[in-house]
$ cat input-v4.cif   # mmCIF, C-alpha atoms
data_work
#
loop_
_atom_site.label_atom_id
_atom_site.label_comp_id
_atom_site.auth_asym_id
_atom_site.auth_seq_id
_atom_site.Cartn_x
_atom_site.Cartn_y
_atom_site.Cartn_z
CA MET J 1 -22.81 35.61 -32.31
CA ARG J 2 -22.15 35.27 -28.56
CA ARG J 3 -24.60 32.37 -28.25
CA PHE J 4 -22.95 30.64 -31.19
CA SER J 5 -19.47 31.11 -29.62
CA LEU J 6 -20.70 29.89 -26.25
CA GLY J 7 -22.28 26.83 -27.92
CA ILE J 8 -19.02 25.97 -29.69
CA PHE J 9 -17.10 26.44 -26.42
CA VAL J 10 -19.44 24.03 -24.60
CA VAL J 11 -19.14 21.40 -27.35
CA VAL J 12 -15.33 21.66 -27.40
CA ALA J 13 -15.18 21.51 -23.58
CA MET J 14 -17.17 18.27 -23.62
CA PHE J 15 -14.47 16.61 -25.72
CA VAL J 16 -11.42 18.20 -24.11
CA THR J 17 -12.41 17.89 -20.44
CA PRO J 18 -11.17 14.58 -19.02
CA ALA J 19 -14.11 12.60 -17.76
CA ARG J 20 -14.18 9.37 -15.83
CA ALA J 21 -14.68 6.66 -18.39
CA GLU J 22 -17.42 4.08 -18.01
CA GLY J 23 -16.16 1.42 -15.62
CA GLU J 24 -13.00 3.35 -14.67
CA ARG J 25 -12.37 3.16 -10.92
CA SER J 26 -10.90 5.55 -8.37
CA ALA J 27 -7.47 4.65 -6.98
CA GLU J 28 -8.88 3.28 -3.71
CA ASP J 29 -11.49 1.15 -5.53
CA ALA J 30 -8.87 -0.15 -7.97
CA VAL J 31 -6.51 -1.14 -5.11
CA ALA J 32 -9.38 -2.83 -3.24
CA ARG J 33 -10.25 -4.82 -6.36
CA ILE J 34 -6.65 -6.07 -6.77
CA ILE J 35 -6.42 -6.98 -3.06
CA VAL J 36 -9.59 -9.07 -3.23
CA GLU J 37 -8.78 -10.63 -6.62
CA ALA J 38 -5.23 -11.54 -5.56
CA LEU J 39 -6.58 -13.78 -2.79
CA ALA J 40 -7.28 -17.32 -3.98
CA PRO J 41 -10.84 -18.65 -3.96
CA ASN J 42 -11.54 -21.03 -1.07
CA GLY J 43 -10.75 -24.65 -1.79
CA GLU J 44 -7.91 -24.00 -4.22
CA THR J 45 -4.71 -26.00 -3.78
CA ALA J 46 -1.33 -24.79 -2.55
CA SER J 47 -0.49 -23.83 -6.15
CA ALA J 48 -3.01 -20.97 -5.88
CA TYR J 49 -0.20 -18.52 -5.06
CA ARG J 50 2.18 -19.54 -7.84
CA TRP J 51 3.29 -16.56 -9.97
CA ASP J 52 1.16 -17.64 -12.91
CA ALA J 53 -1.96 -18.18 -10.77
CA VAL J 54 -1.74 -14.76 -9.07
CA SER J 55 -0.95 -13.13 -12.40
CA THR J 56 -4.02 -14.74 -13.97
CA ARG J 57 -6.25 -13.34 -11.21
CA VAL J 58 -4.93 -9.74 -11.25
CA SER J 59 -3.38 -9.04 -14.67
CA ARG J 60 -6.61 -7.92 -16.31
CA HIS J 61 -6.82 -5.11 -13.72
CA MET J 62 -3.24 -3.81 -13.90
CA HIS J 63 -0.13 -3.34 -16.03
CA TRP J 64 3.18 -5.20 -15.49
CA HIS J 65 6.83 -4.50 -16.16
CA ILE J 66 8.90 -7.40 -17.44
CA TYR J 67 9.50 -10.22 -14.95
CA ALA J 68 12.19 -12.82 -15.41
CA PRO J 69 13.05 -14.89 -12.32
CA ASP J 70 16.64 -16.03 -12.10
CA PRO J 71 17.53 -17.87 -8.86
CA ARG J 72 21.30 -17.47 -9.31
CA ASP J 73 21.63 -13.90 -8.01
CA ARG J 74 19.22 -13.68 -5.10
CA GLY J 75 17.93 -15.26 -1.91
CA GLU J 76 14.71 -17.18 -1.42
CA GLU J 77 12.28 -14.27 -0.97
CA ASP J 78 13.37 -11.50 -3.29
CA VAL J 79 11.79 -12.02 -6.67
CA ARG J 80 10.06 -8.74 -7.46
CA ARG J 81 7.69 -7.85 -10.28
CA ASN J 82 6.64 -4.22 -10.62
CA GLY J 83 3.61 -2.71 -12.24
CA TRP J 84 0.89 -0.13 -11.82
CA ILE J 85 -2.86 0.21 -11.60
CA ALA J 86 -4.32 2.80 -13.95
CA ALA J 87 -7.03 4.52 -11.93
CA ALA J 88 -9.42 7.32 -12.88
CA ASP J 89 -7.76 9.84 -10.59
CA ARG J 90 -4.14 8.67 -10.16
CA ASP J 91 -2.02 5.63 -10.92
CA VAL J 92 -0.92 3.35 -8.09
CA SER J 93 2.49 1.60 -8.05
CA VAL J 94 2.37 -2.13 -7.28
CA SER J 95 5.17 -4.57 -6.45
CA VAL J 96 4.55 -8.29 -6.26
CA LEU J 97 7.14 -10.16 -4.19
CA GLY J 98 7.93 -13.79 -3.51
CA GLY J 99 10.25 -16.69 -4.21
CA ASP J 100 10.89 -18.49 -7.46
CA THR J 101 7.63 -20.44 -7.30
CA ASN J 102 5.13 -18.52 -5.12
CA VAL J 103 4.04 -14.95 -4.51
CA THR J 104 4.14 -14.05 -0.81
CA ARG J 105 2.99 -10.41 -0.78
CA LEU J 106 1.83 -7.41 -2.77
CA SER J 107 2.92 -3.87 -1.99
CA PHE J 108 0.95 -0.77 -3.07
CA THR J 109 2.34 2.78 -3.06
CA LEU J 110 -0.71 5.01 -2.86
CA PRO J 111 -0.88 8.47 -4.44
CA VAL J 112 -0.55 11.33 -1.94
CA ALA J 113 -4.27 12.13 -2.20
CA VAL J 114 -5.34 8.56 -1.25
CA THR J 115 -5.14 7.21 2.30
CA SER J 116 -5.09 3.70 3.72
CA LEU J 117 -8.43 4.36 5.43
CA GLU J 118 -10.05 5.11 2.05
CA VAL J 119 -8.73 1.81 0.68
CA LEU J 120 -10.00 -0.05 3.76
CA GLY J 121 -13.44 1.50 3.16
CA ALA J 122 -13.30 0.39 -0.48
CA ILE J 123 -12.37 -3.16 0.60
CA ARG J 124 -15.38 -3.19 2.92
CA ARG J 125 -17.60 -2.04 0.03
CA THR J 126 -16.58 -5.18 -1.88
CA GLY J 127 -18.21 -7.21 0.90
CA ALA J 128 -14.95 -8.28 2.52
CA GLU J 129 -14.55 -8.35 6.27
CA VAL J 130 -11.84 -5.96 7.47
CA SER J 131 -10.79 -6.12 11.10
CA PHE J 132 -8.18 -4.08 12.89
CA GLN J 133 -5.45 -6.23 14.47
CA ALA J 134 -2.76 -3.98 15.96
CA ASP J 135 -1.08 -0.60 15.91
CA PHE J 136 2.70 -0.55 15.98
CA GLU J 137 5.09 2.39 16.04
CA SER J 138 5.58 2.46 12.27
CA TYR J 139 2.52 0.63 10.90
CA SER J 140 -0.99 -0.70 11.52
CA GLU J 141 -2.16 -4.22 10.77
CA TYR J 142 -5.55 -5.45 9.50
CA TRP J 143 -7.10 -8.83 8.72
CA ILE J 144 -8.82 -8.99 5.32
CA ALA J 145 -11.34 -11.80 4.72
CA PRO J 146 -13.33 -11.55 1.46
CA ALA J 147 -16.32 -13.90 1.17
CA GLY J 148 -15.36 -17.10 -0.66
CA ARG J 149 -11.64 -16.27 -0.71
CA ASP J 150 -8.58 -16.81 1.48
CA ALA J 151 -7.88 -14.29 4.23
CA ALA J 152 -4.67 -12.28 4.47
CA THR J 153 -2.88 -9.66 6.54
CA LEU J 154 -2.79 -6.06 5.29
CA SER J 155 -0.34 -3.64 6.87
CA SER J 156 -0.51 0.11 6.42
CA HIS J 157 2.70 2.18 6.54
CA ARG J 158 2.89 6.00 6.52
CA ILE J 159 6.09 7.06 4.72
CA CYS J 160 7.29 10.67 5.02
CA THR J 161 10.31 12.58 3.80
CA SER J 162 12.37 14.43 6.37
CA PRO J 163 10.69 17.54 7.79
CA TYR J 164 14.13 19.18 7.61
CA SER J 165 14.65 18.71 3.87
CA ALA J 166 14.97 21.73 1.59
CA ALA J 167 11.72 20.73 -0.09
CA ARG J 168 8.56 20.56 1.97
CA GLN J 169 7.79 17.33 3.77
CA ARG J 170 5.74 14.85 1.74
CA CYS J 171 3.93 11.79 3.01
CA HIS J 172 2.16 8.87 1.36
CA ASP J 173 0.75 5.53 2.47
CA GLU J 174 2.00 2.09 1.50
CA LEU J 175 -0.03 -1.06 1.91
CA VAL J 176 1.45 -4.57 2.08
CA LEU J 177 -0.82 -7.58 1.57
CA THR J 178 0.81 -10.71 2.99
CA PHE J 179 -0.65 -14.07 2.03
CA GLU J 180 -1.08 -16.58 4.82
CA PRO J 181 0.96 -19.75 4.27
CA ARG J 182 -1.09 -22.84 3.36
#
$ encode --input "input-v4.cif" --output "structure tokens"
Amino acid sequence: MRRFSLGIFVVVAMFVTPARAEGERSAEDAVARIIVEALAPNGETASAYRWDAVSTRVSRHMHWHIYAPDPRDRGEEDVRRNGWIAAADRDVSVSVLGGDTNVTRLSFTLPVAVTSLEVLGAIRRTGAEVSFQADFESYSEYWIAPAGRDAATLSSHRICTSPYSAARQRCHDELVLTFEPR
């Protein structure tokens, strides 16, 4: 009877235990994929960073909230479209920013368990060149150059709540990919 019960437990556990689905990526690999895919292939025209062009390159890898640009109530650079990347371990928040016609940057809010250095390692695993540029007081800057695609600047920001708050201090990393003007 015990063997039978143990066998049933094992079979049920196989179906109840969340497993990484075939092809499902970790958060750092999913962010690296979006960063590389967002960059236009070499030789594309200046329209390569239009909202529809960027959306075409990255939409199959992420989920979007509704976007409706309306130039009446904002300045030149504050169109924002929000979404998320569904990863095997944790979701990643993504904001795509730009003007009415072109995207200028992508911002990623990483889960607490994922660091910028892990994402940089994942970008390198895609075959892209990643080179450190500078360390500033509040962020670090890197140059990302995937083979066959445009290069861009990636900045890494460490964001922390106040150490004096009633709750314990929490920190997470944010990455901002800034496209180079053509």
$ closest_residue --input "input-v4.cif" --among "J:Pro146, J:Gly83, J:Gly127, J:Gly43" --to "Leu106 in chain J" --atoms "all atoms listed in the file"
J:Gly83
$ closest_residue --input "input-v4.cif" --among "J:Thr178, J:Ser165, J:Ser26, J:Ser131" --to "Ala87 in chain J" --atoms "all atoms listed in the file"
J:Ser26
$ atom_distance --input "input-v4.cif" --atom1 "CA of Ala53 in chain J" --atom2 "CA of Leu39 in chain J"
10.2 Å
$ closest_residue --input "input-v4.cif" --among "J:Arg105, J:Glu37, J:His61, J:Ala151" --to "Val92 in chain J" --atoms "all atoms listed in the file"
J:His61
$ resolve_selection --input "input-v4.cif" --expression "the PyMOL selection byres ((chain J and resi 30) around 9)" --output "PyMOL selection string"
chain J and resi 24-29+31-35+61-62+85-88+92+119+122
$ atom_distance --input "input-v4.cif" --atom1 "CA of Ala166 in chain J" --atom2 "CA of Val114 in chain J"
24.4 Å
$ closest_residue --input "input-v4.cif" --among "J:Pro163, J:Asn42, J:His157, J:Thr56" --to "Thr115 in chain J" --atoms "all atoms listed in the file"
J:His157
$ resolve_selection --input "input-v4.cif" --expression "the PyMOL selection byres ((chain J and resi 103) around 8)" --output "count of residues only"
12
$ closest_residue --input "input-v4.cif" --among "J:Leu154, J:Leu117, J:Cys171, J:Val79" --to "Gln133 in chain J" --atoms "only C-alpha atoms"
J:Leu154
$ residues_around --input "input-v4.cif" --residues "Tyr142 in chain J" --least-positions-apart "2" --cutoff "9 Å" --atoms "all atoms listed in the file" --output "NGL selection string"
:J and (130-134 or 140 or 144 or 152-156)
$ atom_distance --input "input-v4.cif" --atom1 "CA of Arg90 in chain J" --atom2 "CA of Trp143 in chain J"
25.9 Å
$ closest_residue --input "input-v4.cif" --among "J:Thr161, J:Arg81, J:Arg57, J:Val36" --to "Ala128 in chain J" --atoms "all atoms listed in the file"
J:Val36
$ residues_around --input "input-v4.cif" --residues "Val94 in chain J" --least-positions-apart "2" --cutoff "6 Å" --atoms "all atoms listed in the file" --output "PDB file with C-alpha atoms, in the frame of the given file"
ATOM      1  CA  ASN J  82       6.640  -4.220 -10.620  1.00  0.00           C
ATOM      2  CA  GLY J  83       3.610  -2.710 -12.240  1.00  0.00           C
ATOM      3  CA  TRP J  84       0.890  -0.130 -11.820  1.00  0.00           C
ATOM      4  CA  SER J 107       2.920  -3.870  -1.990  1.00  0.00           C
ATOM      5  CA  PHE J 108       0.950  -0.770  -3.070  1.00  0.00           C
TER       6      PHE J 108
END
